[in-house]
$ cat query17.txt   # compact mmCIF, C-alpha atoms (C1' of nucleotides)
# COMPACT_ATOMS: atom_id res chain seq x y z
CA MET A 1 0.00 0.00 0.00
CA SER A 2 1.33 3.43 -0.93
CA ASN A 3 1.91 6.17 1.60
CA HIS A 4 -0.98 8.07 0.13
CA GLU A 5 -3.38 5.22 0.62
CA THR A 6 -2.16 4.64 4.16
CA VAL A 7 -2.55 8.28 5.08
CA ASN A 8 -6.01 8.42 3.53
CA GLU A 9 -7.15 5.34 5.37
CA ILE A 10 -5.92 6.56 8.73
CA LEU A 11 -7.32 10.05 8.25
CA VAL A 12 -10.74 8.71 7.36
CA ARG A 13 -10.79 6.42 10.36
CA LEU A 14 -9.51 9.11 12.72
CA PHE A 15 -12.14 11.52 11.58
CA ALA A 16 -14.93 9.02 12.03
CA ASN A 17 -13.64 8.01 15.47
CA ILE A 18 -13.20 11.50 16.80
CA LEU A 19 -16.77 12.49 16.03
CA ASP A 20 -17.96 9.31 17.62
CA ILE A 21 -15.84 9.81 20.72
CA GLU A 22 -17.03 13.37 21.09
CA GLU A 23 -20.64 12.24 20.97
CA LYS A 24 -20.17 9.38 23.44
CA CYS A 25 -18.19 11.50 25.90
CA LEU A 26 -20.88 14.14 25.80
CA LYS A 27 -23.59 11.60 26.58
CA ILE A 28 -21.92 10.24 29.69
CA GLY A 29 -20.89 13.62 31.08
CA GLU A 30 -22.61 16.39 33.01
CA PHE A 31 -24.18 17.89 29.91
CA PHE A 32 -25.74 14.71 28.58
CA ASP A 33 -28.91 16.57 27.59
CA LEU A 34 -27.01 18.40 24.83
CA SER A 35 -26.61 17.01 21.33
CA ILE A 36 -23.35 17.54 19.45
CA THR A 37 -25.12 20.09 17.32
CA GLU A 38 -26.34 22.01 20.35
CA MET A 39 -22.87 21.91 21.88
CA HIS A 40 -21.49 23.43 18.72
CA VAL A 41 -24.00 26.25 18.90
CA ILE A 42 -22.97 26.87 22.49
CA ASP A 43 -19.34 26.72 21.42
CA ASN A 44 -20.04 29.31 18.79
CA ILE A 45 -21.90 31.73 21.06
CA GLY A 46 -19.05 31.44 23.52
CA PHE A 47 -18.36 34.23 25.96
CA THR A 48 -19.38 37.10 23.69
CA THR A 49 -21.42 39.57 25.69
CA GLU A 50 -24.27 39.19 23.26
CA ARG A 51 -24.75 38.26 19.66
CA THR A 52 -27.60 38.36 17.20
CA MET A 53 -29.46 35.40 15.76
CA SER A 54 -28.31 36.24 12.22
CA ASP A 55 -24.64 36.40 13.16
CA THR A 56 -24.87 33.09 14.92
CA ALA A 57 -26.83 31.41 12.14
CA LYS A 58 -24.22 32.51 9.62
CA ALA A 59 -21.36 31.37 11.84
CA VAL A 60 -22.76 27.91 12.45
CA LYS A 61 -23.94 27.69 8.84
CA VAL A 62 -27.63 27.01 9.30
CA THR A 63 -30.68 29.01 8.20
CA SER A 64 -32.15 31.42 10.69
CA GLY A 65 -35.22 29.21 11.00
CA THR A 66 -33.08 26.29 12.05
CA LEU A 67 -31.29 28.43 14.59
CA THR A 68 -34.55 29.71 16.05
CA THR A 69 -35.66 26.19 16.94
CA ALA A 70 -32.18 25.24 18.17
CA ILE A 71 -32.18 28.27 20.46
CA ASP A 72 -35.74 27.53 21.60
CA ASN A 73 -34.50 24.17 22.86
CA LEU A 74 -31.33 25.55 24.42
CA ILE A 75 -33.42 28.11 26.30
CA LYS A 76 -35.81 25.40 27.47
CA LYS A 77 -32.80 23.47 28.79
CA GLY A 78 -31.41 26.56 30.46
CA TYR A 79 -28.22 27.09 28.47
CA VAL A 80 -29.09 30.29 26.63
CA GLU A 81 -30.91 33.57 27.21
CA ARG A 82 -32.68 35.62 24.57
CA ARG A 83 -33.92 39.22 24.50
CA ARG A 84 -34.98 41.74 21.90
CA SER A 85 -32.60 44.56 21.22
CA SER A 86 -33.92 47.93 22.34
CA GLU A 87 -32.00 49.83 19.66
CA ASP A 88 -33.55 47.79 16.86
CA ARG A 89 -36.57 45.84 17.92
CA ARG A 90 -36.30 43.42 14.98
CA VAL A 91 -33.03 42.10 16.37
CA VAL A 92 -32.80 39.30 18.94
CA LYS A 93 -29.71 39.01 21.08
CA ILE A 94 -28.63 35.76 22.66
CA ARG A 95 -25.99 34.82 25.22
CA LEU A 96 -24.99 31.90 27.40
CA THR A 97 -26.39 31.51 30.90
CA GLU A 98 -24.01 30.38 33.67
CA LYS A 99 -24.97 26.81 32.86
CA GLY A 100 -24.23 27.51 29.20
CA LYS A 101 -20.82 28.87 30.10
CA ALA A 102 -20.09 25.78 32.17
CA ALA A 103 -20.98 23.59 29.20
CA PHE A 104 -18.75 25.70 26.99
CA LYS A 105 -15.82 25.24 29.35
CA SER A 106 -16.40 21.53 29.62
CA HIS A 107 -16.36 21.17 25.87
CA GLU A 108 -13.24 23.27 25.64
CA ASP A 109 -11.53 21.05 28.21
CA PHE A 110 -12.48 17.97 26.26
CA HIS A 111 -10.81 19.40 23.18
CA LYS A 112 -7.71 20.37 25.10
CA ASP A 113 -7.47 16.94 26.61
CA LEU A 114 -7.82 15.29 23.22
CA VAL A 115 -5.06 17.35 21.69
CA ILE A 116 -2.76 16.94 24.67
CA SER A 117 -3.30 13.19 24.59
CA ALA A 118 -2.67 13.04 20.89
CA LEU A 119 0.55 15.05 21.07
CA GLN A 120 1.90 13.59 24.29
CA ARG A 121 4.15 11.00 22.73
CA LEU A 122 5.53 13.11 19.89
CA ASN A 123 8.97 14.65 19.84
CA SER A 124 9.31 18.15 18.50
CA HIS A 125 10.29 16.99 15.02
CA GLU A 126 7.17 14.85 14.82
CA GLU A 127 5.01 17.68 16.09
CA GLU A 128 6.31 19.86 13.32
CA VAL A 129 5.51 17.32 10.64
CA LEU A 130 1.99 16.96 12.01
CA ILE A 131 1.42 20.69 12.08
CA LYS A 132 2.71 21.04 8.53
CA VAL A 133 0.26 18.41 7.33
CA LEU A 134 -2.68 19.86 9.21
CA SER A 135 -1.92 23.27 7.77
CA ASN A 136 -1.79 21.81 4.26
CA ILE A 137 -5.20 20.23 4.73
CA ASP A 138 -6.51 23.46 6.11
CA VAL A 139 -5.30 25.32 3.01
CA PHE A 140 -6.77 22.64 0.74
CA PHE A 141 -10.17 23.16 2.30
CA SER A 142 -10.10 26.94 2.15
CA GLU A 143 -9.28 26.62 -1.56
CA LYS A 144 -12.13 24.16 -2.09
CA TYR A 145 -14.42 26.39 -0.12
CA LYS A 146 -13.76 29.32 -2.35
CA PHE A 147 -14.89 27.49 -5.44
CA ALA A 148 -17.55 25.35 -3.75
CA GLY A 149 -19.47 28.55 -3.91
CA TRP A 150 -20.60 31.11 -1.41
CA MET B 1 1.36 30.21 20.21
CA SER B 2 2.21 26.74 21.50
CA ASN B 3 2.05 23.69 19.28
CA HIS B 4 -0.91 22.47 21.26
CA GLU B 5 -2.89 25.58 20.65
CA THR B 6 -1.98 25.52 16.98
CA VAL B 7 -3.09 21.95 16.57
CA ASN B 8 -6.27 22.54 18.50
CA GLU B 9 -7.14 25.61 16.46
CA ILE B 10 -6.54 23.86 13.14
CA LEU B 11 -8.43 20.78 14.19
CA VAL B 12 -11.46 22.73 15.33
CA ARG B 13 -11.61 24.64 12.07
CA LEU B 14 -11.04 21.51 10.04
CA PHE B 15 -13.80 19.65 11.81
CA ALA B 16 -16.21 22.51 11.50
CA ASN B 17 -15.71 22.63 7.74
CA ILE B 18 -14.87 19.21 6.47
CA LEU B 19 -18.36 17.72 6.23
CA ASP B 20 -19.70 20.92 4.82
CA ILE B 21 -17.08 21.10 2.10
CA GLU B 22 -17.43 17.47 1.23
CA GLU B 23 -21.18 18.00 0.92
CA LYS B 24 -20.81 21.05 -1.32
CA CYS B 25 -18.31 19.32 -3.58
CA LEU B 26 -20.70 16.41 -3.87
CA LYS B 27 -23.68 18.61 -4.74
CA ILE B 28 -21.99 20.34 -7.65
CA GLY B 29 -20.69 17.10 -9.17
CA GLU B 30 -22.14 14.28 -11.21
CA PHE B 31 -23.60 12.51 -8.17
CA PHE B 32 -25.55 15.41 -6.76
CA ASP B 33 -28.46 13.13 -5.84
CA LEU B 34 -26.37 11.48 -3.12
CA SER B 35 -26.18 12.78 0.44
CA ILE B 36 -22.89 12.62 2.33
CA THR B 37 -24.29 9.80 4.37
CA GLU B 38 -25.22 7.85 1.27
CA MET B 39 -21.79 8.46 -0.22
CA HIS B 40 -20.22 7.06 2.92
CA VAL B 41 -22.30 3.92 2.63
CA ILE B 42 -21.20 3.56 -1.00
CA ASP B 43 -17.62 4.17 0.07
CA ASN B 44 -17.95 1.42 2.63
CA ILE B 45 -19.45 -1.13 0.29
CA GLY B 46 -16.70 -0.39 -2.19
CA PHE B 47 -15.63 -2.97 -4.73
CA THR B 48 -16.19 -5.99 -2.52
CA THR B 49 -17.87 -8.69 -4.59
CA GLU B 50 -20.68 -8.72 -2.09
CA ARG B 51 -21.24 -7.91 1.54
CA THR B 52 -24.01 -8.50 4.03
CA MET B 53 -26.27 -5.88 5.56
CA SER B 54 -24.98 -6.62 9.07
CA ASP B 55 -21.32 -6.20 8.12
CA THR B 56 -22.08 -2.92 6.44
CA ALA B 57 -24.26 -1.63 9.26
CA LYS B 58 -21.53 -2.37 11.77
CA ALA B 59 -18.87 -0.78 9.58
CA VAL B 60 -20.77 2.46 9.08
CA LYS B 61 -21.98 2.41 12.70
CA VAL B 62 -25.72 2.57 12.20
CA THR B 63 -28.44 0.15 13.28
CA SER B 64 -29.53 -2.41 10.74
CA GLY B 65 -32.91 -0.71 10.47
CA THR B 66 -31.24 2.53 9.48
CA LEU B 67 -29.15 0.73 6.91
CA THR B 68 -32.20 -0.98 5.45
CA THR B 69 -33.82 2.35 4.62
CA ALA B 70 -30.53 3.82 3.39
CA ILE B 71 -30.09 0.88 1.04
CA ASP B 72 -33.73 1.12 -0.08
CA ASN B 73 -32.99 4.64 -1.27
CA LEU B 74 -29.67 3.78 -2.87
CA ILE B 75 -31.39 1.01 -4.81
CA LYS B 76 -34.14 3.40 -5.91
CA LYS B 77 -31.44 5.76 -7.19
CA GLY B 78 -29.65 2.94 -8.96
CA TYR B 79 -26.40 2.81 -6.98
CA VAL B 80 -26.79 -0.53 -5.21
CA GLU B 81 -28.13 -4.04 -5.88
CA ARG B 82 -29.55 -6.36 -3.23
CA ARG B 83 -30.22 -10.10 -3.23
CA ARG B 84 -30.85 -12.84 -0.69
CA SER B 85 -28.03 -15.26 -0.09
CA SER B 86 -28.82 -18.77 -1.31
CA GLU B 87 -26.62 -20.42 1.32
CA ASP B 88 -28.40 -18.72 4.21
CA ARG B 89 -31.70 -17.21 3.23
CA ARG B 90 -31.78 -14.86 6.22
CA VAL B 91 -28.77 -13.03 4.83
CA VAL B 92 -29.02 -10.16 2.34
CA LYS B 93 -26.05 -9.38 0.13
CA ILE B 94 -25.49 -5.96 -1.37
CA ARG B 95 -23.07 -4.63 -3.94
CA LEU B 96 -22.52 -1.53 -6.06
CA THR B 97 -23.97 -1.23 -9.54
CA GLU B 98 -21.81 0.29 -12.29
CA LYS B 99 -23.25 3.68 -11.37
CA GLY B 100 -22.39 2.96 -7.73
CA LYS B 101 -18.84 2.13 -8.69
CA ALA B 102 -18.55 5.36 -10.64
CA ALA B 103 -19.74 7.30 -7.59
CA PHE B 104 -17.24 5.43 -5.44
CA LYS B 105 -14.41 6.38 -7.77
CA SER B 106 -15.46 10.00 -7.82
CA HIS B 107 -15.44 10.15 -4.03
CA GLU B 108 -12.11 8.36 -3.95
CA ASP B 109 -10.68 11.05 -6.23
CA PHE B 110 -11.81 13.74 -3.81
CA HIS B 111 -9.96 11.98 -1.02
CA LYS B 112 -6.88 11.47 -3.19
CA ASP B 113 -6.77 15.19 -3.89
CA LEU B 114 -7.02 15.88 -0.20
CA VAL B 115 -4.16 13.55 0.65
CA ILE B 116 -1.99 14.88 -2.15
CA SER B 117 -2.50 18.37 -0.77
CA ALA B 118 -1.84 17.16 2.74
CA LEU B 119 1.47 15.59 1.78
CA GLN B 120 2.67 18.56 -0.22
CA ARG B 121 6.07 19.84 0.84
CA LEU B 122 6.82 16.69 2.83
CA ASN B 123 9.90 14.70 1.90
CA SER B 124 9.78 10.92 2.05
CA HIS B 125 11.31 10.86 5.52
CA GLU B 126 8.61 13.19 6.77
CA GLU B 127 5.96 11.04 5.13
CA GLU B 128 7.19 8.08 7.13
CA VAL B 129 7.13 10.13 10.31
CA LEU B 130 3.62 11.26 9.54
CA ILE B 131 2.36 7.75 9.08
CA LYS B 132 3.92 6.72 12.34
CA VAL B 133 2.39 9.70 14.11
CA LEU B 134 -1.06 9.16 12.66
CA SER B 135 -0.97 5.46 13.46
CA ASN B 136 -0.06 6.22 17.04
CA ILE B 137 -2.87 8.68 17.42
CA ASP B 138 -5.25 6.23 15.82
CA VAL B 139 -4.27 3.40 18.17
CA PHE B 140 -4.32 5.77 21.10
CA PHE B 141 -7.90 6.82 20.43
CA SER B 142 -9.21 3.33 19.95
CA GLU B 143 -7.53 2.35 23.25
CA LYS B 144 -8.44 5.35 25.34
CA TYR B 145 -12.02 5.48 24.25
CA LYS B 146 -12.62 1.76 23.93
CA PHE B 147 -15.64 2.17 26.19
CA ALA B 148 -17.17 4.31 23.49
CA GLY B 149 -17.61 1.11 21.49
CA TRP B 150 -20.75 0.29 23.38
C1' DC C 1 -35.79 -35.04 14.97
C1' DT C 2 -38.13 -31.32 16.84
C1' DC C 3 -39.02 -26.99 18.87
C1' DA C 4 -36.87 -23.23 21.53
C1' DA C 5 -33.45 -20.02 20.97
C1' DT C 6 -30.81 -17.30 18.02
C1' DT C 7 -29.75 -14.70 13.98
C1' DA C 8 -30.46 -11.50 9.93
C1' DC C 9 -33.07 -8.43 8.31
C1' DT C 10 -37.26 -5.31 7.80
C1' DT C 11 -40.98 -2.59 9.55
C1' DT C 12 -42.97 0.68 12.62
C1' DG C 13 -43.37 4.65 15.30
C1' DA C 14 -40.89 8.22 17.18
C1' DT C 15 -37.51 12.20 17.46
C1' DA C 16 -33.92 15.63 15.93
C1' DA C 17 -31.97 18.55 12.51
C1' DT C 18 -32.54 20.67 8.68
C1' DC C 19 -34.42 23.64 4.67
C1' DA C 20 -37.35 26.82 1.81
C1' DA C 21 -41.09 29.60 1.79
C1' DA C 22 -44.64 32.24 4.11
C1' DT C 23 -45.48 35.39 7.85
C1' DT C 24 -44.86 39.10 11.35
C1' DA C 25 -42.85 43.04 13.13
C1' DT C 26 -39.83 46.74 12.65
C1' DA C 27 -36.75 49.96 10.20
C1' DT C 28 -35.24 52.44 6.15
C1' DT C 29 -35.71 54.71 1.85
C1' DT C 30 -37.89 57.22 -1.62
C1' DA D 1 -46.81 57.91 3.73
C1' DA D 2 -46.04 54.08 1.14
C1' DA D 3 -42.93 50.84 -0.64
C1' DT D 4 -39.09 48.21 0.29
C1' DA D 5 -35.82 45.86 3.05
C1' DT D 6 -34.38 43.39 7.16
C1' DA D 7 -34.54 40.18 11.37
C1' DA D 8 -36.61 36.76 13.25
C1' DT D 9 -40.21 33.19 13.63
C1' DT D 10 -43.51 29.87 11.99
C1' DT D 11 -44.98 26.30 8.92
C1' DG D 12 -44.72 22.24 6.30
C1' DA D 13 -41.75 19.13 4.45
C1' DT D 14 -37.67 15.85 4.19
C1' DT D 15 -33.79 13.03 5.81
C1' DA D 16 -31.27 10.48 9.17
C1' DT D 17 -31.58 8.20 12.94
C1' DC D 18 -32.97 4.89 16.85
C1' DA D 19 -35.35 1.30 19.69
C1' DA D 20 -38.48 -2.07 19.70
C1' DA D 21 -41.55 -5.22 17.44
C1' DG D 22 -42.15 -8.36 13.71
C1' DT D 23 -40.82 -11.99 10.14
C1' DA D 24 -38.33 -15.62 8.27
C1' DA D 25 -34.57 -18.84 8.43
C1' DT D 26 -31.07 -21.48 10.89
C1' DT D 27 -28.98 -23.80 14.82
C1' DG D 28 -28.63 -26.52 18.77
C1' DA D 29 -30.15 -29.03 23.09
C1' DG D 30 -32.47 -32.61 24.55

$ encode --input "query17.txt" --output "structure tokens"
Amino acid sequence: MSNHETVNEILVRLFANILDIEEKCLKIGEFFDLSITEMHVIDNIGFTTERTMSDTAKAVKVTSGTLTTAIDNLIKKGYVERRRSSEDRRVVKIRLTEKGKAAFKSHEDFHKDLVISALQRLNSHEEEVLIKVLSNIDVFFSEKYKFAGW
Amino acid sequence: MSNHETVNEILVRLFANILDIEEKCLKIGEFFDLSITEMHVIDNIGFTTERTMSDTAKAVKVTSGTLTTAIDNLIKKGYVERRRSSEDRRVVKIRLTEKGKAAFKSHEDFHKDLVISALQRLNSHEEEVLIKVLSNIDVFFSEKYKFAGW
DNA sequence: CTCAATTACTTTGATAATCAAATTATATTT
DNA sequence: AAATATAATTTGATTATCAAAGTAATTGAG
């Protein structure tokens, strides 16, 4: 098997596993009532004082209708607060509650832990190779993105 | 910025975009009537002479009920063939049609492009290092999160 | 050799995530 | 003041998914 095939195979498997692990870890943790999708919305809102629905929808790449229902659920579960802007009453501002912030931190920690674990056994030369490759992939995707249209 | 932060940052961005990009690339190509999920099923069936529903369901990590409906649709769209095994009549064997094989190849090309980009600017020594690094991470994840294989 | 248990798959009934299009309320422009 | 544009929500649909129930075929224990 060529290097290319090997790398492809491992990358595909890694990608599939990481998503799976993230989901499973979420389900057994404190914030088990959040789906991956909801966690990513929380992640995106982050610690910003307040942000609008439109900004958030654009950032997480869903329609505003989809975000409305996502936020409805997150409010029901106590992770997010919503209020109308007084400057422009069409605008709705959202932000994380304390519980939402806790979930954010927990998710952040999970990521940190994953990366630390993954890099633990690498010497600095190996780390550099890995970073080079990740950057290349990153560039590949931004190129693709450009033409994939938006 | 530390290596850890760099890796984390790139990984987060990569993960946020990868499915999205793959989806967009799919939609503008010849096989626009396939969803990402369906393409992954096709990818998994591959060029095997024939495989069973159970094997495939396990490999793509969905229940057999979910796979049944996925395969129903792929058959409707002409990508997959299904027949009962004559040795054991409980077993259903599936395989790609010619159209399915064409879709498989197209998806494979996308991945090849990705890997070629990823390996750009690496010399053969670095390629070896990369494979070692990726393999380690891969093994590490399957070990550490074995429990996630519930 | 038979029938209870197991296996392989499909069906059913439910939920979550998503979109496009219609709707509502507000702001801006002409 | 009326027409247009914007921000968000609602509506109606689709797709992916699961768990549990159902069906058909095979295996194995007595």

$ closest_residue --input "query17.txt" --among "A:Leu34, A:Val92, A:Leu122, A:Val60" --to "chain D" --atoms "all atoms listed in the file"
A:Val92

$ atom_distance --input "query17.txt" --atom1 "atom CA of Ser54 of chain A" --atom2 "atom CA of His111 of chain A"
26.6 Å

$ interface_residues --input "query17.txt" --of "chain D" --to "chain A" --cutoff "8 Å" --atoms "only C-alpha atoms (C1' of nucleotides)" --output "PyMOL selection string"
chain D and resi 7-9

$ residues_around --input "query17.txt" --residues "DG13 of chain C" --least-positions-apart "2" --cutoff "10 Å" --atoms "only C-alpha atoms (C1' of nucleotides)" --output "list in words"
DT11 and DT15 of chain C; DA19 and DA20 of chain D

$ interface_residues --input "query17.txt" --of "chain A" --to "chain B" --cutoff "7 Å" --atoms "all atoms listed in the file" --output "ChimeraX atom specification"
/A:4,7-8,10,14,21,24,115-116,118,126,129-131,133-134,136-138,140,145,148

$ closest_atom_pairs --input "query17.txt" --of "chain C" --to "chain B" --cutoff "7 Å" --atoms "all atoms listed in the file" --output "CSV"
residue,atom,partner,partner_atom,distance
C:DA8,C1',B:Arg90,CA,5.2
C:DC9,C1',B:Arg90,CA,6.9
C:DT10,C1',B:Gly65,CA,6.9

$ calpha_fit_rmsd --input "query17.txt" --fixed "chain B" --moving "chain A"
1.6 Å

$ axis_aligned_box --input "query17.txt" --around "segment 13-22 of chain D" --padding-each-side "6 Å" --output "JSON"
{"center_x": -36.7, "center_y": 5.4, "center_z": 11.9, "size_x": 22.9, "size_y": 39.5, "size_z": 27.5}

$ atom_distance --input "query17.txt" --atom1 "atom CA of Phe31 of chain A" --atom2 "atom CA of Ile36 of chain B"
28.1 Å

$ atom_distance --input "query17.txt" --atom1 "atom CA of Ile94 of chain A" --atom2 "atom CA of Glu50 of chain A"
5.6 Å

$ residues_around --input "query17.txt" --residues "DT18 of chain C" --least-positions-apart "6" --cutoff "9 Å" --atoms "all atoms listed in the file" --output "VMD selection string"
(chain A and resid 62 to 63 66) or (chain D and resid 14 to 15)

$ residues_around --input "query17.txt" --residues "Lys99 of chain B" --least-positions-apart "6" --cutoff "9 Å" --atoms "all atoms listed in the file" --output "PyMOL selection string"
chain B and resi 78-80

$ write_last_selection --input "query17.txt" --atoms "C-alpha atoms" --output "mmCIF file, in the frame of the given file"
data_model
loop_
_atom_site.group_PDB
_atom_site.id
_atom_site.type_symbol
_atom_site.label_atom_id
_atom_site.label_comp_id
_atom_site.auth_asym_id
_atom_site.auth_seq_id
_atom_site.Cartn_x
_atom_site.Cartn_y
_atom_site.Cartn_z
ATOM 1 C CA GLY B 78 -29.650 2.940 -8.960
ATOM 2 C CA TYR B 79 -26.400 2.810 -6.980
ATOM 3 C CA VAL B 80 -26.790 -0.530 -5.210
#

$ closest_residue --input "query17.txt" --among "B:Phe32, B:Asn44, B:Thr97, B:Asp109" --to "Lys76 of chain B" --atoms "only C-alpha atoms"
B:Thr97
